[in-house]
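Novice: Contents are PDB, C-alpha atoms; file name data10.pdb:
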ATOM      1  CA  MET A   1       0.000   0.000   0.000
ATOM      2  CA  ILE A   2       1.277   3.473  -0.872
ATOM      3  CA  ASP A   3       2.059   5.708   2.093
ATOM      4  CA  LEU A   4       0.245   8.857   0.940
ATOM      5  CA  LYS A   5       1.731  11.052   3.639
ATOM      6  CA  ALA A   6       5.282  10.023   2.732
ATOM      7  CA  ALA A   7       4.544  10.416  -0.969
ATOM      8  CA  ARG A   8       3.126  13.900  -0.437
ATOM      9  CA  ALA A   9       6.156  14.916   1.633
ATOM     10  CA  TYR A  10       8.467  13.602  -1.096
ATOM     11  CA  VAL A  11       6.672  15.660  -3.747
ATOM     12  CA  VAL A  12       6.843  18.788  -1.583
ATOM     13  CA  ARG A  13      10.559  18.343  -0.869
ATOM     14  CA  ASN A  14      11.403  17.790  -4.496
ATOM     15  CA  SER A  15       9.262  20.696  -5.673
ATOM     16  CA  ILE A  16      11.053  22.987  -3.220
ATOM     17  CA  SER A  17      14.401  21.576  -4.324
ATOM     18  CA  ARG A  18      13.740  22.198  -8.009
ATOM     19  CA  SER A  19      12.388  25.676  -7.320
ATOM     20  CA  LEU A  20      15.364  26.756  -5.214
ATOM     21  CA  GLU A  21      17.899  25.420  -7.681
ATOM     22  CA  GLY A  22      16.033  26.894 -10.628
ATOM     23  CA  ILE A  23      15.667  30.346  -9.066
ATOM     24  CA  SER A  24      19.341  30.478  -8.118
ATOM     25  CA  LEU A  25      20.652  29.295 -11.473
ATOM     26  CA  VAL A  26      18.305  31.521 -13.510
ATOM     27  CA  SER A  27      19.251  34.491 -11.325
ATOM     28  CA  ARG A  28      22.906  33.753 -11.937
ATOM     29  CA  ALA A  29      22.272  33.783 -15.670
ATOM     30  CA  ILE A  30      20.252  37.013 -15.915
ATOM     31  CA  LEU A  31      21.034  39.346 -13.011
ATOM     32  CA  PRO A  32      23.759  41.941 -13.613
ATOM     33  CA  MET A  33      24.919  41.615  -9.996
ATOM     34  CA  ALA A  34      25.586  37.901 -10.636
ATOM     35  CA  LYS A  35      28.288  38.643 -13.184
ATOM     36  CA  PRO A  36      31.714  38.222 -11.549
ATOM     37  CA  GLU A  37      33.254  40.866 -13.786
ATOM     38  CA  VAL A  38      30.856  43.474 -12.382
ATOM     39  CA  HIS A  39      32.625  42.989  -9.058
ATOM     40  CA  GLY A  40      36.111  42.668 -10.532
ATOM     41  CA  VAL A  41      36.137  38.964  -9.650
ATOM     42  CA  GLU A  42      37.425  35.950 -11.567
ATOM     43  CA  ILE A  43      36.395  32.317 -11.048
ATOM     44  CA  LEU A  44      38.509  29.180 -11.259
ATOM     45  CA  ARG A  45      35.973  26.428 -11.822
ATOM     46  CA  ASP A  46      35.797  22.743 -10.974
ATOM     47  CA  LEU A  47      39.106  22.210  -9.217
ATOM     48  CA  SER A  48      39.408  18.804  -7.553
ATOM     49  CA  TYR A  49      39.834  18.229  -3.830
ATOM     50  CA  GLY A  50      38.956  14.519  -3.836
ATOM     51  CA  PRO A  51      38.121  11.508  -6.019
ATOM     52  CA  HIS A  52      34.389  12.000  -6.695
ATOM     53  CA  PRO A  53      33.974  13.518 -10.201
ATOM     54  CA  VAL A  54      31.142  15.855  -9.123
ATOM     55  CA  ALA A  55      30.896  16.017  -5.339
ATOM     56  CA  HIS A  56      34.599  16.669  -4.818
ATOM     57  CA  ARG A  57      34.824  19.756  -6.978
ATOM     58  CA  LEU A  58      35.231  23.384  -5.918
ATOM     59  CA  ASP A  59      35.245  26.880  -7.398
ATOM     60  CA  VAL A  60      37.589  29.680  -6.396
ATOM     61  CA  TYR A  61      36.362  33.289  -6.526
ATOM     62  CA  ARG A  62      39.034  35.978  -6.262
ATOM     63  CA  LYS A  63      40.167  39.336  -7.567
ATOM     64  CA  PRO A  64      42.924  38.991 -10.177
ATOM     65  CA  GLY A  65      46.394  39.465  -8.731
ATOM     66  CA  VAL A  66      45.247  39.217  -5.110
ATOM     67  CA  GLU A  67      48.000  38.285  -2.653
ATOM     68  CA  ASN A  68      48.022  37.153   0.962
ATOM     69  CA  ALA A  69      44.263  37.710   1.347
ATOM     70  CA  PRO A  70      42.042  35.997   3.911
ATOM     71  CA  VAL A  71      40.516  32.801   2.532
ATOM     72  CA  VAL A  72      36.902  31.723   3.027
ATOM     73  CA  LEU A  73      35.825  28.083   2.767
ATOM     74  CA  TYR A  74      32.078  28.267   2.048
ATOM     75  CA  LEU A  75      29.833  25.246   2.639
ATOM     76  CA  HIS A  76      26.462  25.539   0.913
ATOM     77  CA  GLY A  77      23.115  24.806   2.526
ATOM     78  CA  GLY A  78      20.276  22.650   1.230
ATOM     79  CA  ALA A  79      19.253  20.284   4.045
ATOM     80  CA  PHE A  80      22.267  18.048   3.266
ATOM     81  CA  ARG A  81      20.295  16.858   0.216
ATOM     82  CA  ILE A  82      20.206  19.547  -2.469
ATOM     83  CA  LEU A  83      21.954  22.593  -3.992
ATOM     84  CA  SER A  84      25.608  22.987  -4.896
ATOM     85  CA  LYS A  85      28.521  25.370  -5.302
ATOM     86  CA  ASP A  86      26.798  26.699  -8.433
ATOM     87  CA  THR A  87      23.672  27.797  -6.552
ATOM     88  CA  HIS A  88      25.634  29.797  -3.966
ATOM     89  CA  TRP A  89      27.215  32.471  -6.127
ATOM     90  CA  THR A  90      25.692  35.250  -3.991
ATOM     91  CA  MET A  91      27.617  34.104  -0.924
ATOM     92  CA  ALA A  92      30.861  33.756  -2.873
ATOM     93  CA  LEU A  93      30.557  37.223  -4.384
ATOM     94  CA  GLN A  94      29.823  38.813  -1.009
ATOM     95  CA  PHE A  95      33.305  37.814   0.142
ATOM     96  CA  ALA A  96      35.246  37.943  -3.136
ATOM     97  CA  SER A  97      34.047  41.467  -3.978
ATOM     98  CA  ARG A  98      35.757  42.656  -0.782
ATOM     99  CA  GLY A  99      39.107  41.092  -1.668
ATOM    100  CA  TYR A 100      38.796  37.687   0.000
ATOM    101  CA  VAL A 101      39.738  34.475  -1.773
ATOM    102  CA  VAL A 102      36.624  32.283  -1.635
ATOM    103  CA  VAL A 103      36.504  28.518  -2.047
ATOM    104  CA  VAL A 104      32.962  27.157  -2.557
ATOM    105  CA  ILE A 105      32.683  23.383  -2.595
ATOM    106  CA  ASN A 106      30.352  20.618  -3.606
ATOM    107  CA  TYR A 107      30.078  17.763  -1.133
ATOM    108  CA  ARG A 108      28.358  14.391  -1.152
ATOM    109  CA  LEU A 109      24.618  14.654  -0.555
ATOM    110  CA  ALA A 110      22.136  12.520   1.350
ATOM    111  CA  PRO A 111      20.306  10.206   1.146
ATOM    112  CA  LYS A 112      22.745   8.495  -1.223
ATOM    113  CA  TYR A 113      25.642   9.605   0.942
ATOM    114  CA  PRO A 114      24.460   9.903   4.571
ATOM    115  CA  PHE A 115      26.426  11.097   7.606
ATOM    116  CA  PRO A 116      29.359  11.396   7.934
ATOM    117  CA  ALA A 117      29.984  11.916   4.194
ATOM    118  CA  ALA A 118      29.258  15.668   4.146
ATOM    119  CA  ILE A 119      31.357  16.544   7.192
ATOM    120  CA  GLU A 120      34.136  14.256   5.956
ATOM    121  CA  ASP A 121      34.167  16.201   2.686
ATOM    122  CA  ALA A 122      34.128  19.513   4.556
ATOM    123  CA  CYS A 123      37.148  18.389   6.580
ATOM    124  CA  ASP A 124      39.005  17.231   3.466
ATOM    125  CA  ALA A 125      38.233  20.524   1.727
ATOM    126  CA  TYR A 126      39.538  22.494   4.715
ATOM    127  CA  ARG A 127      42.818  20.615   4.539
ATOM    128  CA  TRP A 128      42.954  21.310   0.785
ATOM    129  CA  VAL A 129      42.414  25.025   1.411
ATOM    130  CA  VAL A 130      45.138  25.184   4.054
ATOM    131  CA  GLU A 131      47.560  23.410   1.700
ATOM    132  CA  HIS A 132      46.706  25.474  -1.416
ATOM    133  CA  ALA A 133      45.828  28.891   0.037
ATOM    134  CA  ALA A 134      49.124  30.540  -0.845
ATOM    135  CA  GLU A 135      49.092  29.469  -4.499
ATOM    136  CA  LEU A 136      45.539  30.855  -4.807
ATOM    137  CA  GLY A 137      46.642  34.254  -3.527
ATOM    138  CA  GLY A 138      45.460  33.610   0.018
ATOM    139  CA  ASP A 139      46.963  33.614   3.478
ATOM    140  CA  PRO A 140      46.956  30.091   4.999
ATOM    141  CA  GLN A 141      47.135  31.669   8.453
ATOM    142  CA  ARG A 142      43.803  33.453   7.899
ATOM    143  CA  VAL A 143      41.290  30.857   6.768
ATOM    144  CA  LEU A 144      37.621  31.389   7.625
ATOM    145  CA  VAL A 145      34.810  28.842   7.420
ATOM    146  CA  SER A 146      31.195  29.714   6.721
ATOM    147  CA  GLY A 147      27.926  28.230   5.550
ATOM    148  CA  GLU A 148      24.191  28.601   5.941
ATOM    149  CA  SER A 149      21.538  26.092   7.072
ATOM    150  CA  ALA A 150      23.080  22.629   6.582
ATOM    151  CA  GLY A 151      26.277  24.486   5.718
ATOM    152  CA  GLY A 152      26.013  26.228   9.088
ATOM    153  CA  ASN A 153      25.995  22.810  10.724
ATOM    154  CA  LEU A 154      29.015  21.711   8.695
ATOM    155  CA  SER A 155      30.982  24.896   9.330
ATOM    156  CA  LEU A 156      30.419  24.661  13.089
ATOM    157  CA  ALA A 157      31.222  20.932  13.170
ATOM    158  CA  LEU A 158      34.364  21.569  11.122
ATOM    159  CA  THR A 159      35.384  24.334  13.517
ATOM    160  CA  LEU A 160      35.017  21.934  16.439
ATOM    161  CA  ALA A 161      37.125  19.340  14.598
ATOM    162  CA  THR A 162      39.995  21.823  14.331
ATOM    163  CA  CYS A 163      39.818  22.401  18.099
ATOM    164  CA  THR A 164      39.048  18.897  19.382
ATOM    165  CA  PRO A 165      40.747  15.548  18.605
ATOM    166  CA  PHE A 166      37.700  13.507  17.564
ATOM    167  CA  GLU A 167      38.312   9.841  16.760
ATOM    168  CA  ALA A 168      37.134   9.767  13.137
ATOM    169  CA  PRO A 169      40.231   9.669  10.904
ATOM    170  CA  PHE A 170      39.047  12.539   8.687
ATOM    171  CA  ALA A 171      38.407  14.734  11.741
ATOM    172  CA  ARG A 172      41.731  13.808  13.311
ATOM    173  CA  ARG A 173      43.536  14.802  10.111
ATOM    174  CA  VAL A 174      41.951  18.248  10.309
ATOM    175  CA  PHE A 175      42.985  18.589  13.948
ATOM    176  CA  GLU A 176      46.516  17.613  13.014
ATOM    177  CA  THR A 177      46.809  20.540  10.588
ATOM    178  CA  GLY A 178      47.076  22.686  13.701
ATOM    179  CA  ARG A 179      45.032  25.388  11.949
ATOM    180  CA  VAL A 180      41.943  26.696  13.718
ATOM    181  CA  PRO A 181      39.774  28.970  11.517
ATOM    182  CA  ALA A 182      40.468  32.641  12.069
ATOM    183  CA  VAL A 183      36.687  33.215  12.208
ATOM    184  CA  SER A 184      33.731  30.834  11.919
ATOM    185  CA  LEU A 185      30.396  31.983  10.487
ATOM    186  CA  PRO A 186      27.612  29.382  10.897
ATOM    187  CA  LEU A 187      24.581  31.239   9.552
ATOM    188  CA  CYS A 188      21.016  30.092  10.414
ATOM    189  CA  GLY A 189      22.334  26.585  11.005
ATOM    190  CA  VAL A 190      20.478  23.386  11.775
ATOM    191  CA  LEU A 191      22.947  22.790  14.584
ATOM    192  CA  GLN A 192      21.421  19.610  15.961
ATOM    193  CA  VAL A 193      20.290  17.067  13.371
ATOM    194  CA  THR A 194      18.979  14.522  15.874
ATOM    195  CA  ASP A 195      15.541  14.974  17.454
ATOM    196  CA  THR A 196      14.156  17.273  14.775
ATOM    197  CA  ALA A 197      10.724  16.620  16.321
ATOM    198  CA  ARG A 198      11.790  19.226  18.919
ATOM    199  CA  PHE A 199      10.720  22.035  16.611
ATOM    200  CA  ARG A 200       7.103  20.924  16.546
ATOM    201  CA  ARG A 201       7.107  20.296  20.290
ATOM    202  CA  ARG A 202       8.201  23.887  20.808
ATOM    203  CA  ARG A 203       5.502  25.543  18.683
ATOM    204  CA  PRO A 204       3.037  24.653  15.904
ATOM    205  CA  ILE A 205       4.600  24.645  12.441
ATOM    206  CA  PRO A 206       3.020  23.829   9.066
ATOM    207  CA  THR A 207       2.907  20.152   8.180
ATOM    208  CA  TRP A 208       4.886  20.614   4.968
ATOM    209  CA  LEU A 209       7.656  22.431   6.846
ATOM    210  CA  ASN A 210       7.737  19.808   9.557
ATOM    211  CA  ASP A 211       8.086  17.129   6.863
ATOM    212  CA  VAL A 212      11.053  18.976   5.378
ATOM    213  CA  ILE A 213      12.772  19.376   8.763
ATOM    214  CA  VAL A 214      12.166  15.787   9.848
ATOM    215  CA  GLY A 215      13.405  14.656   6.433
ATOM    216  CA  VAL A 216      16.789  16.222   7.191
ATOM    217  CA  GLU A 217      17.267  13.857  10.110
ATOM    218  CA  ARG A 218      15.863  10.853   8.258
ATOM    219  CA  ASP A 219      18.020  11.259   5.158
ATOM    220  CA  TYR A 220      21.269  12.622   6.619
ATOM    221  CA  LEU A 221      21.256  10.206   9.574
ATOM    222  CA  ARG A 222      19.920   7.273   7.572
ATOM    223  CA  ASN A 223      22.512   5.014   9.216
ATOM    224  CA  GLY A 224      22.412   6.787  12.572
ATOM    225  CA  VAL A 225      25.549   8.506  13.806
ATOM    226  CA  THR A 226      27.841   5.557  13.182
ATOM    227  CA  GLY A 227      31.229   6.145  11.595
ATOM    228  CA  ALA A 228      32.053   9.350  13.484
ATOM    229  CA  ASP A 229      31.585  11.148  16.764
ATOM    230  CA  PRO A 230      27.891  12.096  17.052
ATOM    231  CA  HIS A 231      28.908  15.649  17.906
ATOM    232  CA  LEU A 232      29.982  16.047  14.273
ATOM    233  CA  ALA A 233      26.265  15.772  13.417
ATOM    234  CA  ASP A 234      25.158  17.721  16.493
ATOM    235  CA  PRO A 235      27.831  20.365  17.133
ATOM    236  CA  LEU A 236      25.417  22.358  19.277
ATOM    237  CA  LEU A 237      25.182  19.503  21.778
ATOM    238  CA  PHE A 238      28.967  19.516  22.138
ATOM    239  CA  LEU A 239      28.962  23.243  22.859
ATOM    240  CA  GLU A 240      26.154  22.815  25.386
ATOM    241  CA  SER A 241      28.077  20.062  27.167
ATOM    242  CA  ASP A 242      30.956  20.408  29.618
ATOM    243  CA  ALA A 243      33.387  18.725  27.202
ATOM    244  CA  PRO A 244      36.543  20.807  26.867
ATOM    245  CA  THR A 245      38.248  21.733  23.619
ATOM    246  CA  ALA A 246      41.973  21.139  23.195
ATOM    247  CA  ARG A 247      42.332  24.526  21.491
ATOM    248  CA  PRO A 248      40.330  27.722  22.043
ATOM    249  CA  LEU A 249      37.367  28.218  19.758
ATOM    250  CA  PRO A 250      37.754  31.091  17.266
ATOM    251  CA  PRO A 251      35.514  34.158  17.107
ATOM    252  CA  ILE A 252      32.069  33.157  15.837
ATOM    253  CA  PHE A 253      29.549  35.225  13.904
ATOM    254  CA  ALA A 254      26.047  33.795  13.480
ATOM    255  CA  SER A 255      22.808  35.370  12.286
ATOM    256  CA  CYS A 256      19.180  34.366  11.989
ATOM    257  CA  GLY A 257      15.735  35.804  11.256
ATOM    258  CA  THR A 258      12.792  35.872  13.620
ATOM    259  CA  LYS A 259      10.679  33.909  11.139
ATOM    260  CA  ASP A 260      13.290  31.189  10.715
ATOM    261  CA  PRO A 261      12.135  27.837  12.153
ATOM    262  CA  LEU A 262      15.753  27.284  13.269
ATOM    263  CA  LEU A 263      15.727  30.348  15.528
ATOM    264  CA  ASP A 264      15.709  28.156  18.634
ATOM    265  CA  ASP A 265      18.982  26.521  17.583
ATOM    266  CA  HIS A 266      20.455  29.988  17.043
ATOM    267  CA  ARG A 267      19.438  31.109  20.523
ATOM    268  CA  ARG A 268      20.851  27.943  22.060
ATOM    269  CA  LEU A 269      24.131  28.576  20.225
ATOM    270  CA  VAL A 270      24.327  32.082  21.670
ATOM    271  CA  ALA A 271      23.751  30.769  25.195
ATOM    272  CA  ALA A 272      26.392  28.048  24.767
ATOM    273  CA  LEU A 273      28.987  30.490  23.418
ATOM    274  CA  GLU A 274      28.316  32.912  26.253
ATOM    275  CA  ARG A 275      28.715  30.132  28.834
ATOM    276  CA  ARG A 276      32.034  29.070  27.267
ATOM    277  CA  GLY A 277      33.286  32.636  27.010
ATOM    278  CA  VAL A 278      33.728  32.526  23.214
ATOM    279  CA  ARG A 279      33.967  35.844  21.403
ATOM    280  CA  HIS A 280      30.861  36.075  19.250
ATOM    281  CA  GLU A 281      28.220  38.229  17.651
ATOM    282  CA  ALA A 282      24.804  36.811  16.799
ATOM    283  CA  PRO A 283      22.247  39.331  15.524
ATOM    284  CA  VAL A 284      18.630  38.396  14.898
ATOM    285  CA  TYR A 285      16.737  40.194  12.125
ATOM    286  CA  PRO A 286      13.013  40.927  12.589
ATOM    287  CA  GLY A 287      10.702  39.403   9.996
ATOM    288  CA  MET A 288      13.439  37.577   8.126
ATOM    289  CA  VAL A 289      12.923  33.996   6.970
ATOM    290  CA  HIS A 290      15.355  31.113   6.688
ATOM    291  CA  ALA A 291      18.487  31.834   4.640
ATOM    292  CA  PHE A 292      17.604  35.477   3.993
ATOM    293  CA  GLN A 293      21.390  36.011   3.989
ATOM    294  CA  ALA A 294      21.463  34.684   0.416
ATOM    295  CA  VAL A 295      19.071  37.332  -0.963
ATOM    296  CA  PRO A 296      21.337  40.332  -1.559
ATOM    297  CA  MET A 297      18.687  42.907  -2.473
ATOM    298  CA  LEU A 298      17.034  42.825   0.982
ATOM    299  CA  GLU A 299      17.921  45.689   3.316
ATOM    300  CA  ALA A 300      18.247  43.243   6.208
ATOM    301  CA  THR A 301      20.686  41.164   4.163
ATOM    302  CA  LYS A 302      22.806  44.223   3.396
ATOM    303  CA  ALA A 303      22.806  45.123   7.087
ATOM    304  CA  GLN A 304      23.708  41.567   8.064
ATOM    305  CA  TRP A 305      26.696  41.403   5.720
ATOM    306  CA  ALA A 306      27.913  44.838   6.779
ATOM    307  CA  ARG A 307      27.835  43.693  10.395
ATOM    308  CA  ALA A 308      29.468  40.373   9.552
ATOM    309  CA  PHE A 309      32.354  42.064   7.738
ATOM    310  CA  GLU A 310      32.825  44.536  10.571
ATOM    311  CA  PHE A 311      33.123  41.566  12.961
ATOM    312  CA  ILE A 312      35.466  39.626  10.672
ATOM    313  CA  GLU A 313      37.741  42.530   9.918
ATOM    314  CA  ALA A 314      37.994  43.480  13.575
ATOM    315  CA  ALA A 315      39.075  39.901  14.291
ATOM    316  CA  LEU A 316      41.701  39.520  11.570
ATOM    317  CA  GLY A 317      42.272  42.825   9.797
ATOM    318  CA  ALA A 318      40.688  43.825   6.501
ATOM    319  CA  PRO A 319      42.008  42.500   3.193
ATOM    320  CA  SER A 320      43.798  45.147   1.175
ATOM    321  CA  GLU A 321      40.769  46.084  -0.980
ATOM    322  CA  ALA A 322      38.067  45.570   1.625
ATOM    323  CA  ARG A 323      37.829  48.741   3.648
ATOM    324  CA  GLY A 324      34.991  50.976   2.518
ATOM    325  CA  HIS A 325      33.703  48.441  -0.032
ATOM    326  CA  ALA A 326      29.918  48.018  -0.044
ATOM    327  CA  ALA A 327      28.320  44.596   0.251
ATOM    328  CA  VAL A 328      26.913  42.952  -2.866
ATOM    329  CA  GLY A 329      23.376  44.035  -3.575
TER     330      GLY A 329
END
What does this structure look like when you write it as structure tokens?
Specialist:
Amino acid sequence: MIDLKAARAYVVRNSISRSLEGISLVSRAILPMAKPEVHGVEILRDLSYGPHPVAHRLDVYRKPGVENAPVVLYLHGGAFRILSKDTHWTMALQFASRGYVVVVINYRLAPKYPFPAAIEDACDAYRWVVEHAAELGGDPQRVLVSGESAGGNLSLALTLATCTPFEAPFARRVFETGRVPAVSLPLCGVLQVTDTARFRRRRPIPTWLNDVIVGVERDYLRNGVTGADPHLADPLLFLESDAPTARPLPPIFASCGTKDPLLDDHRRLVAALERRGVRHEAPVYPGMVHAFQAVPMLEATKAQWARAFEFIEAALGAPSEARGHAAVG
């Protein structure tokens, strides 16, 4: 017998997936602001950081001739199941237009590749960035990590892996680089993948949205949390625990909107960082929905990026072309 509820949820998820990908790719093709040359940026496409012919590919956004600039590793969102480096050009241009070298990666997606595939790829990409930063015009001592939604989860988990000797070989290799990110920016992250039913216990949410959120846990943790420390799926739970880190956590910038269903995770992150004494800034934007940070024409998005860059540049010093440069949009 066909499970109508499951079938309906599948149709909704896939319709949303196609719409998001389509909107992003069409926007990239037709919007003037999407043209790298408008921002004085060049792109090196489809460099390899691993064996998979699609998932282990990355793009580098940079200004021609840039030298010794901060480097951003950007991990795209999409519920661990959809989207790619090609859909996240707005995020790449936000950083590259200010003089940063930006590395945007693909990674293996669920459900075909469940946990820990995505965080393993994020860790491998971080090592690649550290090793290749100088030849790309970047400073290997000033590497940032960022991402939104699922990418927020991955960027925070990756940050923890640089500070804590987890047992998984891929995480241990990251720890052994000895390089903690200069700044970590987990934006509107789903920071605990287990127990996604918590969102509906907290407040009523639409059925279709609940199906999407619960689907994140079902597909990404299809095999449970075997194969790696569970905190690499639930970095928020590590921060809320009393477990120490071997190295100090870097400055963290996080943002969220009041209409984002993940707002509770954001607030928990703020409380955990305050308890641990981690330097952070975590603004919340009234009326903004999930991943508003990727919509550059919104006034709240412009304000968010201006605040993010102020935080970053106070932490590590502005790249040579950054000061006074307006955010994309």
Novice: Excluding Val66 (chain A) and residues on its chain fewer than 2 positions from it, collect all residues at most 6 Å away from it, counting all atoms listed in the file, and give them as a list in words.
Specialist: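 The filter keeps Lys63, Pro64 and Gly137 of chain A.
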Novice: For Tyr285 (chain A), list every protein, DNA or RNA residue within 10 Å, evaluated using all atoms listed in the file, and leave out those in the same chain fewer than 4 positions away; present the list as JSON, numbers by chain.
Specialist: {"A": [255, 256, 257, 258, 259, 260, 289, 292, 300, 301, 303, 304]}
Novice: Provide the CA of Val225 (chain A) to CA of Arg279 (chain A) distance in Å, to one decimal place.
Specialist: 29.6 Å
Novice: Report as CSV: every residue of region 196-302 of chain A with an atom at most 9 Å from region 71-79 of chain A, its closest pair of atoms, and their distance in Å to one decimal, counting all atoms listed in the file, with rows sorted by chain and ascending residue number.
Specialist:
residue,atom,partner,partner_atom,distance
A:Val212,CA,A:Ala79,CA,8.4
A:Ile213,CA,A:Ala79,CA,8.1
A:Gly215,CA,A:Ala79,CA,8.5
A:Val216,CA,A:Ala79,CA,5.7
A:Tyr220,CA,A:Ala79,CA,8.3
A:Ala291,CA,A:Gly77,CA,8.7
Novice: Evaluate the PyMOL selection byres ((chain A and resi 224) around 12) here and jot the selected residues down as number ranges by chain.
Specialist: A: 114-116, 193-195, 217-223, 225-230, 233-234
Novice: Taking only C-alpha atoms into account, name the residue in A:His266, A:Arg307, A:Arg57, A:Arg81 that is nearest to Gly189 (chain A).
Specialist: A:His266
Novice: Which residues, named as in the file, does the PyMOL selection byres ((chain A and resi 60) around 10) pick out? Answer as a list in words.
Specialist: Val41, Glu42, Ile43, Leu44, Arg45, Asp46, Leu47, Leu58, Asp59, Tyr61, Arg62, Val71, Val72, Leu73, Ala92, Ala96, Val101, Val102, Val103, Val104, Ile105 and Leu136 of chain A
Novice: List the residues selected by the PyMOL selection byres ((chain A and resi 240) around 9) in the file shown, writing them as a PyMOL selection string.
Specialist: chain A and resi 235-239+241-243+268-269+271-273+275-276
Novice: Which residues, written as a list of chain:residue names, have at least one atom at most 8 Å from Gly138 (chain A), with only C-alpha atoms counted and residues fewer than 3 positions away on the same chain left out?
Specialist: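 Final neighbour list, sorted by chain and number: A:Val66, A:Glu67, A:Asn68, A:Ala69, A:Pro70, A:Val71, A:Tyr100, A:Val101, A:Ala133, A:Ala134, A:Glu135.
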Novice: Please save C-alpha atoms of the selected residues as an mmCIF file, in the frame of the given file.
Specialist:
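out-v3.cif was written with the following content:
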data_model
loop_
_atom_site.group_PDB
_atom_site.id
_atom_site.type_symbol
_atom_site.label_atom_id
_atom_site.label_comp_id
_atom_site.auth_asym_id
_atom_site.auth_seq_id
_atom_site.Cartn_x
_atom_site.Cartn_y
_atom_site.Cartn_z
ATOM 1 C CA VAL A 66 45.247 39.217 -5.110
ATOM 2 C CA GLU A 67 48.000 38.285 -2.653
ATOM 3 C CA ASN A 68 48.022 37.153 0.962
ATOM 4 C CA ALA A 69 44.263 37.710 1.347
ATOM 5 C CA PRO A 70 42.042 35.997 3.911
ATOM 6 C CA VAL A 71 40.516 32.801 2.532
ATOM 7 C CA TYR A 100 38.796 37.687 0.000
ATOM 8 C CA VAL A 101 39.738 34.475 -1.773
ATOM 9 C CA ALA A 133 45.828 28.891 0.037
ATOM 10 C CA ALA A 134 49.124 30.540 -0.845
ATOM 11 C CA GLU A 135 49.092 29.469 -4.499
#
Novice: With only C-alpha atoms counted, which protein, DNA or RNA residues have an atom no more than 10 Å from (41.4, 15.5, 20.9) in the file frame? Please answer as a list in words.
Specialist: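 Checking each residue against the 10 Å limit leaves Ala161, Thr162, Cys163, Thr164, Pro165, Phe166, Glu167, Ala171, Arg172, Phe175, Glu176, Pro244, Thr245, Ala246 and Arg247 of chain A.
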Novice: Provide the CA of Arg127 (chain A) to CA of Gly152 (chain A) distance in Å, to one decimal place.
Specialist: 18.3 Å
Novice: Please return region 202-214 of chain A, rebuilt to N, CA and C atoms, as a PDB file, in the coordinates of the input.
Specialist:
ATOM      1  N   ARG A 202       8.016  22.534  20.289  1.00  0.00           N
ATOM      2  CA  ARG A 202       8.201  23.887  20.808  1.00  0.00           C
ATOM      3  C   ARG A 202       7.054  24.801  20.411  1.00  0.00           C
ATOM      4  N   ARG A 203       6.590  24.691  19.164  1.00  0.00           N
ATOM      5  CA  ARG A 203       5.502  25.543  18.683  1.00  0.00           C
ATOM      6  C   ARG A 203       4.890  24.899  17.439  1.00  0.00           C
ATOM      7  N   PRO A 204       3.641  25.204  17.116  1.00  0.00           N
ATOM      8  CA  PRO A 204       3.037  24.653  15.904  1.00  0.00           C
ATOM      9  C   PRO A 204       3.758  25.156  14.658  1.00  0.00           C
ATOM     10  N   ILE A 205       4.040  24.253  13.724  1.00  0.00           N
ATOM     11  CA  ILE A 205       4.600  24.645  12.441  1.00  0.00           C
ATOM     12  C   ILE A 205       3.820  23.925  11.347  1.00  0.00           C
ATOM     13  N   PRO A 206       3.778  24.468  10.146  1.00  0.00           N
ATOM     14  CA  PRO A 206       3.020  23.829   9.066  1.00  0.00           C
ATOM     15  C   PRO A 206       3.502  22.399   8.815  1.00  0.00           C
ATOM     16  N   THR A 207       2.569  21.552   8.415  1.00  0.00           N
ATOM     17  CA  THR A 207       2.907  20.152   8.180  1.00  0.00           C
ATOM     18  C   THR A 207       3.993  19.988   7.134  1.00  0.00           C
ATOM     19  N   TRP A 208       3.901  20.760   6.034  1.00  0.00           N
ATOM     20  CA  TRP A 208       4.886  20.614   4.968  1.00  0.00           C
ATOM     21  C   TRP A 208       6.283  20.976   5.458  1.00  0.00           C
ATOM     22  N   LEU A 209       6.358  22.022   6.318  1.00  0.00           N
ATOM     23  CA  LEU A 209       7.656  22.431   6.846  1.00  0.00           C
ATOM     24  C   LEU A 209       8.194  21.401   7.825  1.00  0.00           C
ATOM     25  N   ASN A 210       7.317  20.865   8.642  1.00  0.00           N
ATOM     26  CA  ASN A 210       7.737  19.808   9.557  1.00  0.00           C
ATOM     27  C   ASN A 210       8.281  18.606   8.791  1.00  0.00           C
ATOM     28  N   ASP A 211       7.622  18.256   7.671  1.00  0.00           N
ATOM     29  CA  ASP A 211       8.086  17.129   6.863  1.00  0.00           C
ATOM     30  C   ASP A 211       9.485  17.392   6.309  1.00  0.00           C
ATOM     31  N   VAL A 212       9.731  18.627   5.896  1.00  0.00           N
ATOM     32  CA  VAL A 212      11.053  18.976   5.378  1.00  0.00           C
ATOM     33  C   VAL A 212      12.107  18.853   6.475  1.00  0.00           C
ATOM     34  N   ILE A 213      11.804  19.396   7.658  1.00  0.00           N
ATOM     35  CA  ILE A 213      12.772  19.376   8.763  1.00  0.00           C
ATOM     36  C   ILE A 213      13.046  17.955   9.223  1.00  0.00           C
ATOM     37  N   VAL A 214      11.996  17.175   9.416  1.00  0.00           N
ATOM     38  CA  VAL A 214      12.166  15.787   9.848  1.00  0.00           C
ATOM     39  C   VAL A 214      12.924  14.988   8.785  1.00  0.00           C
TER      40      VAL A 214
END
